[in-house]
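A.B. asks: Starting off with a structure, shown below.
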Amino acid sequence: MKKSILSLLLFALMFQVSAQLPKIKLKDVKGNSVDVSQISNNGKPIIISFWATWCKPCKAELNTIADEFDDWVDETGVKLIAISIDDARSASRVEPYINAMGWEYTVLMDPNGNMKRAMNVNNVPHTFLLDGNGKIVWDHNNYSPGDEHELYEEVVKYAK
Amino acid sequence: MKKVFSLGLILSLISTYVSQSDSEPGYVSGNVQAIGQYYQEDTLINAALPNHLYGFNGFTNINFQKGDFRAGIRYETYLNTLEGYPTSFSGTGIGYRYLTWNKDNVEVTVGSFYDQLSSGMILRAYEERQLGIDNAIDGLRLKYNPYKGIYLKSFIGKQRHVFADGLVNGNGIIRAIDAELNVNELFDSLNNSKLKVQLGGSFVSKFNNDNNTPDFILPSNVGASSARLNMRYHKWRFGGEFVHKINDPYPDNQNERFNYLYKNGEGLLFNLGYSTKGFAVDFSAKHMDNMLWRSTNVSVGPTDLLIGFLPALTKQHTYNLAATLYPYATNPRGEVSYQADLIYKIPKKTLLGGKYGTTISLNFATSYVPKRDFIDDQLTSRNSYTTQYFSRSDSILYQDINIEIKRKINKKLKFNINYFNFIFEDRAVLVAQHHELIHAQIAVLDLTYKISREHSLRFELQGLWTKWATPDQGDTQIISTGETVQRKQDQGDWAFAQIEYTFSPHWYVAVLDQYNYGNTEPKKQLHYALASAGYINGSHRFSLQYGKQRAGVFCVGGVCRAVPASNGLTFTFTSSF
């Protein structure tokens, strides 16, 4: 058993440890299929944020960013994709919530955690930043008030 | 040996694949989650104290991706498993491994996979790690997208049951097919239509002959089918789903009326909503009867080998007292439930809305036992009763009325006020301390004060009050002093206070206390104090927690697990790469 783990680790070292978006199909809130690996933003950065309607820090983070999002887009051209991990019980709450809050994000549904698993997310909120080439360059697992400043500084850095 | 072999096989397959296509680079990623808890004796709160004193659950995922190919394993460690977690999880080994590739609209998965058909009532293989639920299917899955707007899926496999130094599957076999049609994707002329229509249907069957009772002949093959329709027009949307399951008898030692029923099961779920910027209303209704659906007909743990997922039509609460004392989980025997939601954002810069706007959310949810007309057919067809769609009895299972008001006062101060009114029938759920119909009210005040750009303080105050017991519930109680006093329902009243200090982006410290000041029994008027601190750096997160944890019910997605009281030190580490 130990040998096999060791060989797995050695095997892992043979490859670049730098993830990009997995080839997974998700649906948006309107039911349209979206191939996640095809998401792009004309060479500008993309924020990917995993959230759920039952997760208070997630909503705090996305609502805080929503207040300033117009400025973020004007200054950096950034795009935000919010991936909801709400399951069958709460998935129907997603669309009313995002519309009522007036979020201008692309919201995708991951009701059975396929995307969550593929991106190695343990718990929400977990926010990733992708550079213009679709490479994950920054991520943060948690949200405390003020974390949005660090995220924005990173966005500015990769928007150039 | 078998596991080592399968891992070796995966690796050699990957290597072969990789050497064949060197054009794209491969990526390795993964994550780890480790939770350790050291248990201390605390007879006052009746804290769990296992012989091994230290519990540990660890999960490590390693995923590999190269072009159209993905593969991965999850290494799991339960040494010994944490208290409250299923004891059928023990040892250390590989609990999940898969290979998948995706080419020309075909996706093939070999090994372990999770899947969900529609809302999951007919089938949902999923992982809810915090609850110890993992019913991954181990087998083969094929997805095919033959034409734009047409999605086909089929799979076969066994379900994960327990973990003993590795994955142990149940005996039952599951076979499933699913088809979905997106009408707007199918016809180019409808791509931009305001009317959107999606249709779908599934058929799932299971085979098992686990349970050979001398008294009954059980069906070895049981099939279930479902149909669904989703429509939207402009700002309106409608969803409907119907599931039908043929007779699938389970033992029930508690109630002869439900013991080995040869009755068909059925589920109906509707959702209607309207939403626009700043305003949303949503209404859901559910009728469900006899929809317990497992890949075995033997008595197993409550969350073991479940094929179907029965969503509870209630809001999932996050404030401690509202989330863990009287949370609702679907009654698998059947229920008629309704839920209504309203969200309104009072615009900013108005008299009522204030400078930043105010958000009001209202939620109402209720659940009843279906009206059952019992028939005396125990010796013949054993259907036991008949029901009619959406016809409910007078027996309430649950009611929850809650309101949330959220407002930002200025750049520094934000508040959130909540009120909850619960009716909870614990004779059906058996999770509270007293199995009775409980009425409880909860109020919550949550304040966030931003000291500076990086420093914030958060205060949370909560109170829970139960009703005085009625004479038919036994309204008096003899307490430890020998007096006879008026009794409050269940454990009586609770107070909760928490202060949290965060230093973005790396640190947090929090202290909380829960006080059961209103327990009828003075000896049980206890404090449960807990301190925690954490350090976060990117995707790494390390936290420590010390103190007493109250016994409660922990729920995720409408599925609940009872957690025993404990006292001690807990550490958690999560990281991903």
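Chain labels run A, B, ... following the order of the structure tokens; each chain numbers its residues from 1, and ligands are numbered from 1 in the order shown.
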Mind dumping a table of every chain B residue within 6 Å of chain A, with the nearest atom pair and its distance in Å to one decimal, using only C-alpha atoms, sorted by chain and rising number, as JSON lines?

C.D. replies:
{"residue": "B:Val4", "atom": "CA", "partner": "A:Met1", "partner_atom": "CA", "distance": 5.9}
{"residue": "B:Gly26", "atom": "CA", "partner": "A:Phe15", "partner_atom": "CA", "distance": 5.8}
{"residue": "B:Tyr27", "atom": "CA", "partner": "A:Gln16", "partner_atom": "CA", "distance": 5.6}
{"residue": "B:Val28", "atom": "CA", "partner": "A:Val17", "partner_atom": "CA", "distance": 5.4}
{"residue": "B:Gly30", "atom": "CA", "partner": "A:Asn120", "partner_atom": "CA", "distance": 5.6}
{"residue": "B:Asn31", "atom": "CA", "partner": "A:Asn120", "partner_atom": "CA", "distance": 5.4}
{"residue": "B:Ser119", "atom": "CA", "partner": "A:Ala88", "partner_atom": "CA", "distance": 5.1}
{"residue": "B:Ser275", "atom": "CA", "partner": "A:Pro96", "partner_atom": "CA", "distance": 5.4}
{"residue": "B:Thr276", "atom": "CA", "partner": "A:Asn99", "partner_atom": "CA", "distance": 5.5}
{"residue": "B:Lys277", "atom": "CA", "partner": "A:Ala100", "partner_atom": "CA", "distance": 4.9}
{"residue": "B:Gly278", "atom": "CA", "partner": "A:Ala100", "partner_atom": "CA", "distance": 3.9}
{"residue": "B:Phe279", "atom": "CA", "partner": "A:Ala100", "partner_atom": "CA", "distance": 4.7}
{"residue": "B:Ala280", "atom": "CA", "partner": "A:Pro96", "partner_atom": "CA", "distance": 5.1}
{"residue": "B:Pro311", "atom": "CA", "partner": "A:Arg89", "partner_atom": "CA", "distance": 4.7}
{"residue": "B:Ala312", "atom": "CA", "partner": "A:Arg89", "partner_atom": "CA", "distance": 6.0}
{"residue": "B:Arg453", "atom": "CA", "partner": "A:Gly146", "partner_atom": "CA", "distance": 5.7}
{"residue": "B:Glu454", "atom": "CA", "partner": "A:Gly146", "partner_atom": "CA", "distance": 5.0}
{"residue": "B:Ser504", "atom": "CA", "partner": "A:Asp147", "partner_atom": "CA", "distance": 5.5}
{"residue": "B:Pro505", "atom": "CA", "partner": "A:Asp147", "partner_atom": "CA", "distance": 5.3}
{"residue": "B:Gly538", "atom": "CA", "partner": "A:His140", "partner_atom": "CA", "distance": 4.2}
{"residue": "B:Ser539", "atom": "CA", "partner": "A:His140", "partner_atom": "CA", "distance": 4.9}
{"residue": "B:Gly557", "atom": "CA", "partner": "A:Arg89", "partner_atom": "CA", "distance": 5.9}

A.B. asks: May I have the selected residues written with C-alpha atoms, as a PDB file, in the first residue's frame?

C.D. replies:
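Written output follows (again_22.pdb):
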ATOM      1  CA  VAL B   4      -2.733  -1.954  -4.827  1.00  0.00           C
ATOM      2  CA  GLY B  26      -0.949  17.168 -17.759  1.00  0.00           C
ATOM      3  CA  TYR B  27      -2.109  18.699 -14.502  1.00  0.00           C
ATOM      4  CA  VAL B  28      -2.123  17.210 -11.067  1.00  0.00           C
ATOM      5  CA  GLY B  30      -5.610  17.704  -5.055  1.00  0.00           C
ATOM      6  CA  ASN B  31      -6.794  18.585  -1.613  1.00  0.00           C
ATOM      7  CA  SER B 119     -34.093  16.599  -8.204  1.00  0.00           C
ATOM      8  CA  SER B 275     -38.088  37.070  -9.932  1.00  0.00           C
ATOM      9  CA  THR B 276     -36.804  40.417 -11.073  1.00  0.00           C
ATOM     10  CA  LYS B 277     -34.155  42.836  -9.851  1.00  0.00           C
ATOM     11  CA  GLY B 278     -34.853  43.499  -6.183  1.00  0.00           C
ATOM     12  CA  PHE B 279     -37.902  41.241  -5.861  1.00  0.00           C
ATOM     13  CA  ALA B 280     -38.608  37.501  -5.929  1.00  0.00           C
ATOM     14  CA  PRO B 311     -35.512  17.011  -0.475  1.00  0.00           C
ATOM     15  CA  ALA B 312     -37.032  18.810   2.504  1.00  0.00           C
ATOM     16  CA  ARG B 453      -9.890  47.953   6.125  1.00  0.00           C
ATOM     17  CA  GLU B 454      -8.672  44.637   7.500  1.00  0.00           C
ATOM     18  CA  SER B 504      -8.219  39.843   6.911  1.00  0.00           C
ATOM     19  CA  PRO B 505      -6.935  37.925   5.087  1.00  0.00           C
ATOM     20  CA  GLY B 538      -4.651  31.100   0.338  1.00  0.00           C
ATOM     21  CA  SER B 539      -6.084  27.630   0.065  1.00  0.00           C
ATOM     22  CA  GLY B 557     -29.261  19.574   2.565  1.00  0.00           C
TER      23      GLY B 557
END

A.B. asks: Based on DSSP run over this structure's backbone, return all residues of chain A in alpha helix (DSSP H), as number ranges by chain.

C.D. replies: A: 2-13, 56-76, 94-101, 114-118, 147-159

A.B. asks: Between CA of Val162 in chain B and CA of Asn208 in chain B, what is the distance, to one decimal in Å?

C.D. replies: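 So the two atoms, CA of Val162 in chain B and CA of Asn208 in chain B, lie 17.2 Å apart.
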
A.B. asks: If we count only C-alpha atoms, what is near range 305-308 of chain B at a cut-off of 6 Å, once residues fewer than 5 positions away on the same chain are taken out, given as a PDB file with all heavy atoms, in the first residue's frame?

C.D. replies:
ATOM      1  N   GLY B 120     -33.273  14.338  -7.794  1.00  0.00           N
ATOM      2  CA  GLY B 120     -32.644  13.307  -6.989  1.00  0.00           C
ATOM      3  C   GLY B 120     -33.617  12.361  -6.315  1.00  0.00           C
ATOM      4  O   GLY B 120     -33.206  11.382  -5.702  1.00  0.00           O
ATOM      5  N   MET B 121     -34.930  12.629  -6.439  1.00  0.00           N
ATOM      6  CA  MET B 121     -35.912  11.748  -5.796  1.00  0.00           C
ATOM      7  C   MET B 121     -35.785  10.323  -6.318  1.00  0.00           C
ATOM      8  O   MET B 121     -35.934   9.364  -5.585  1.00  0.00           O
ATOM      9  CB  MET B 121     -37.343  12.244  -6.053  1.00  0.00           C
ATOM     10  CG  MET B 121     -37.820  13.264  -5.055  1.00  0.00           C
ATOM     11  SD  MET B 121     -39.627  13.387  -4.999  1.00  0.00           S
ATOM     12  CE  MET B 121     -40.010  14.159  -6.547  1.00  0.00           C
ATOM     13  N   ILE B 122     -35.492  10.198  -7.609  1.00  0.00           N
ATOM     14  CA  ILE B 122     -35.383   8.853  -8.204  1.00  0.00           C
ATOM     15  C   ILE B 122     -33.980   8.293  -8.019  1.00  0.00           C
ATOM     16  O   ILE B 122     -33.819   7.101  -7.782  1.00  0.00           O
ATOM     17  CB  ILE B 122     -35.818   8.841  -9.689  1.00  0.00           C
ATOM     18  CG1 ILE B 122     -35.893   7.410 -10.209  1.00  0.00           C
ATOM     19  CG2 ILE B 122     -34.920   9.682 -10.575  1.00  0.00           C
ATOM     20  CD1 ILE B 122     -36.672   7.254 -11.476  1.00  0.00           C
ATOM     21  N   LEU B 123     -32.980   9.165  -8.078  1.00  0.00           N
ATOM     22  CA  LEU B 123     -31.615   8.700  -7.823  1.00  0.00           C
ATOM     23  C   LEU B 123     -30.690   9.858  -7.517  1.00  0.00           C
ATOM     24  O   LEU B 123     -30.673  10.862  -8.222  1.00  0.00           O
ATOM     25  CB  LEU B 123     -31.058   7.929  -9.033  1.00  0.00           C
ATOM     26  CG  LEU B 123     -29.646   7.356  -8.810  1.00  0.00           C
ATOM     27  CD1 LEU B 123     -29.542   5.968  -9.406  1.00  0.00           C
ATOM     28  CD2 LEU B 123     -28.552   8.234  -9.387  1.00  0.00           C
ATOM     29  N   ARG B 124     -29.939   9.716  -6.458  1.00  0.00           N
ATOM     30  CA  ARG B 124     -28.872  10.667  -6.200  1.00  0.00           C
ATOM     31  C   ARG B 124     -27.735   9.950  -5.485  1.00  0.00           C
ATOM     32  O   ARG B 124     -27.889   9.492  -4.354  1.00  0.00           O
ATOM     33  CB  ARG B 124     -29.353  11.835  -5.331  1.00  0.00           C
ATOM     34  CG  ARG B 124     -28.257  12.872  -5.169  1.00  0.00           C
ATOM     35  CD  ARG B 124     -28.721  14.088  -4.417  1.00  0.00           C
ATOM     36  NE  ARG B 124     -27.659  15.078  -4.401  1.00  0.00           N
ATOM     37  CZ  ARG B 124     -27.387  15.871  -3.386  1.00  0.00           C
ATOM     38  NH1 ARG B 124     -28.131  15.822  -2.295  1.00  0.00           N
ATOM     39  NH2 ARG B 124     -26.405  16.724  -3.444  1.00  0.00           N
ATOM     40  N   HIS B 161     -21.131   1.212   0.516  1.00  0.00           N
ATOM     41  CA  HIS B 161     -21.900   1.013   1.742  1.00  0.00           C
ATOM     42  C   HIS B 161     -21.098   1.450   2.959  1.00  0.00           C
ATOM     43  O   HIS B 161     -21.432   2.419   3.598  1.00  0.00           O
ATOM     44  CB  HIS B 161     -22.332  -0.452   1.858  1.00  0.00           C
ATOM     45  CG  HIS B 161     -23.226  -0.710   3.022  1.00  0.00           C
ATOM     46  ND1 HIS B 161     -23.401  -1.934   3.574  1.00  0.00           N
ATOM     47  CD2 HIS B 161     -23.986   0.138   3.754  1.00  0.00           C
ATOM     48  CE1 HIS B 161     -24.240  -1.850   4.593  1.00  0.00           C
ATOM     49  NE2 HIS B 161     -24.608  -0.603   4.722  1.00  0.00           N
ATOM     50  N   TRP B 293     -36.079   4.284  -0.592  1.00  0.00           N
ATOM     51  CA  TRP B 293     -35.609   3.654  -1.819  1.00  0.00           C
ATOM     52  C   TRP B 293     -34.127   3.369  -1.632  1.00  0.00           C
ATOM     53  O   TRP B 293     -33.316   4.274  -1.685  1.00  0.00           O
ATOM     54  CB  TRP B 293     -35.942   4.636  -2.933  1.00  0.00           C
ATOM     55  CG  TRP B 293     -35.553   4.506  -4.354  1.00  0.00           C
ATOM     56  CD1 TRP B 293     -35.083   5.539  -5.118  1.00  0.00           C
ATOM     57  CD2 TRP B 293     -35.637   3.390  -5.241  1.00  0.00           C
ATOM     58  NE1 TRP B 293     -34.881   5.122  -6.395  1.00  0.00           N
ATOM     59  CE2 TRP B 293     -35.212   3.803  -6.509  1.00  0.00           C
ATOM     60  CE3 TRP B 293     -36.024   2.065  -5.074  1.00  0.00           C
ATOM     61  CZ2 TRP B 293     -35.158   2.965  -7.609  1.00  0.00           C
ATOM     62  CZ3 TRP B 293     -35.978   1.224  -6.166  1.00  0.00           C
ATOM     63  CH2 TRP B 293     -35.554   1.673  -7.422  1.00  0.00           C
ATOM     64  N   ARG B 294     -33.823   2.121  -1.314  1.00  0.00           N
ATOM     65  CA  ARG B 294     -32.441   1.712  -1.056  1.00  0.00           C
ATOM     66  C   ARG B 294     -32.063   0.554  -1.976  1.00  0.00           C
ATOM     67  O   ARG B 294     -32.932  -0.164  -2.439  1.00  0.00           O
ATOM     68  CB  ARG B 294     -32.291   1.195   0.379  1.00  0.00           C
ATOM     69  CG  ARG B 294     -32.553   2.172   1.473  1.00  0.00           C
ATOM     70  CD  ARG B 294     -32.226   1.472   2.796  1.00  0.00           C
ATOM     71  NE  ARG B 294     -32.848   2.119   3.940  1.00  0.00           N
ATOM     72  CZ  ARG B 294     -32.291   3.107   4.625  1.00  0.00           C
ATOM     73  NH1 ARG B 294     -31.123   3.569   4.267  1.00  0.00           N
ATOM     74  NH2 ARG B 294     -32.906   3.634   5.654  1.00  0.00           N
ATOM     75  N   SER B 295     -30.742   0.314  -2.093  1.00  0.00           N
ATOM     76  CA  SER B 295     -30.322  -0.820  -2.923  1.00  0.00           C
ATOM     77  C   SER B 295     -30.247  -2.106  -2.104  1.00  0.00           C
ATOM     78  O   SER B 295     -29.613  -3.061  -2.493  1.00  0.00           O
ATOM     79  CB  SER B 295     -28.995  -0.525  -3.617  1.00  0.00           C
ATOM     80  OG  SER B 295     -28.001  -0.257  -2.673  1.00  0.00           O
TER      81      SER B 295
END

A.B. asks: Go through range 54-105 of chain A and collect every residue that DSSP, computed from the backbone, puts in strand (DSSP E or B); the answer should be as a PyMOL selection string.

C.D. replies: chain A and resi 79-84

A.B. asks: Go ahead and dump the residues you just picked, all heavy atoms, as a PDB file, in the first residue's frame.

C.D. replies:
ATOM      1  N   LYS A  79     -14.299  39.246 -15.030  1.00  0.00           N
ATOM      2  CA  LYS A  79     -15.589  38.564 -15.125  1.00  0.00           C
ATOM      3  C   LYS A  79     -15.703  37.689 -13.875  1.00  0.00           C
ATOM      4  O   LYS A  79     -14.695  37.139 -13.421  1.00  0.00           O
ATOM      5  CB  LYS A  79     -15.536  37.702 -16.378  1.00  0.00           C
ATOM      6  CG  LYS A  79     -16.776  36.959 -16.755  1.00  0.00           C
ATOM      7  CD  LYS A  79     -16.511  36.430 -18.169  1.00  0.00           C
ATOM      8  CE  LYS A  79     -17.549  35.509 -18.672  1.00  0.00           C
ATOM      9  NZ  LYS A  79     -17.251  35.099 -20.055  1.00  0.00           N
ATOM     10  N   LEU A  80     -16.907  37.576 -13.312  1.00  0.00           N
ATOM     11  CA  LEU A  80     -17.065  36.738 -12.121  1.00  0.00           C
ATOM     12  C   LEU A  80     -18.064  35.620 -12.395  1.00  0.00           C
ATOM     13  O   LEU A  80     -19.170  35.878 -12.873  1.00  0.00           O
ATOM     14  CB  LEU A  80     -17.510  37.573 -10.923  1.00  0.00           C
ATOM     15  CG  LEU A  80     -17.355  36.893  -9.545  1.00  0.00           C
ATOM     16  CD1 LEU A  80     -17.160  37.933  -8.451  1.00  0.00           C
ATOM     17  CD2 LEU A  80     -18.475  35.962  -9.174  1.00  0.00           C
ATOM     18  N   ILE A  81     -17.641  34.397 -12.103  1.00  0.00           N
ATOM     19  CA  ILE A  81     -18.527  33.247 -12.250  1.00  0.00           C
ATOM     20  C   ILE A  81     -18.770  32.672 -10.865  1.00  0.00           C
ATOM     21  O   ILE A  81     -17.839  32.252 -10.182  1.00  0.00           O
ATOM     22  CB  ILE A  81     -17.916  32.211 -13.203  1.00  0.00           C
ATOM     23  CG1 ILE A  81     -17.861  32.865 -14.591  1.00  0.00           C
ATOM     24  CG2 ILE A  81     -18.752  30.938 -13.256  1.00  0.00           C
ATOM     25  CD1 ILE A  81     -16.999  32.186 -15.548  1.00  0.00           C
ATOM     26  N   ALA A  82     -20.029  32.731 -10.443  1.00  0.00           N
ATOM     27  CA  ALA A  82     -20.388  32.228  -9.118  1.00  0.00           C
ATOM     28  C   ALA A  82     -20.970  30.835  -9.305  1.00  0.00           C
ATOM     29  O   ALA A  82     -21.962  30.673 -10.009  1.00  0.00           O
ATOM     30  CB  ALA A  82     -21.395  33.157  -8.461  1.00  0.00           C
ATOM     31  N   ILE A  83     -20.334  29.839  -8.699  1.00  0.00           N
ATOM     32  CA  ILE A  83     -20.798  28.461  -8.861  1.00  0.00           C
ATOM     33  C   ILE A  83     -21.533  28.033  -7.594  1.00  0.00           C
ATOM     34  O   ILE A  83     -20.937  27.938  -6.525  1.00  0.00           O
ATOM     35  CB  ILE A  83     -19.632  27.515  -9.182  1.00  0.00           C
ATOM     36  CG1 ILE A  83     -18.999  27.965 -10.498  1.00  0.00           C
ATOM     37  CG2 ILE A  83     -20.106  26.064  -9.264  1.00  0.00           C
ATOM     38  CD1 ILE A  83     -17.845  27.148 -10.954  1.00  0.00           C
ATOM     39  N   SER A  84     -22.831  27.813  -7.735  1.00  0.00           N
ATOM     40  CA  SER A  84     -23.647  27.439  -6.585  1.00  0.00           C
ATOM     41  C   SER A  84     -23.572  25.930  -6.361  1.00  0.00           C
ATOM     42  O   SER A  84     -23.795  25.153  -7.282  1.00  0.00           O
ATOM     43  CB  SER A  84     -25.095  27.856  -6.834  1.00  0.00           C
ATOM     44  OG  SER A  84     -25.958  26.971  -6.171  1.00  0.00           O
TER      45      SER A  84
END

A.B. asks: Compile the contact shell of Gly43 in chain A as a PyMOL selection string: residues with an atom at most 12 Å away, counting only C-alpha atoms, same-chain residues fewer than 5 positions apart removed.

C.D. replies: chain A and resi 76-79+130-135+158-160

A.B. asks: In Å, with one decimal, what is the gap from CA of Lys263 in chain B to CA of His287 in chain B?

C.D. replies: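 About the pair CA of Lys263 in chain B and CA of His287 in chain B: they are 15.7 Å apart.
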
A.B. asks: Excluding Gln486 in chain B and residues on its chain fewer than 4 positions from it, collect all residues at most 8 Å away from it, counting only C-alpha atoms, and give them as a list in words.

C.D. replies: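 The residues satisfying every condition are Trp468, Ala469, Asp475, Thr476, Gln477 and Thr520 of chain B.
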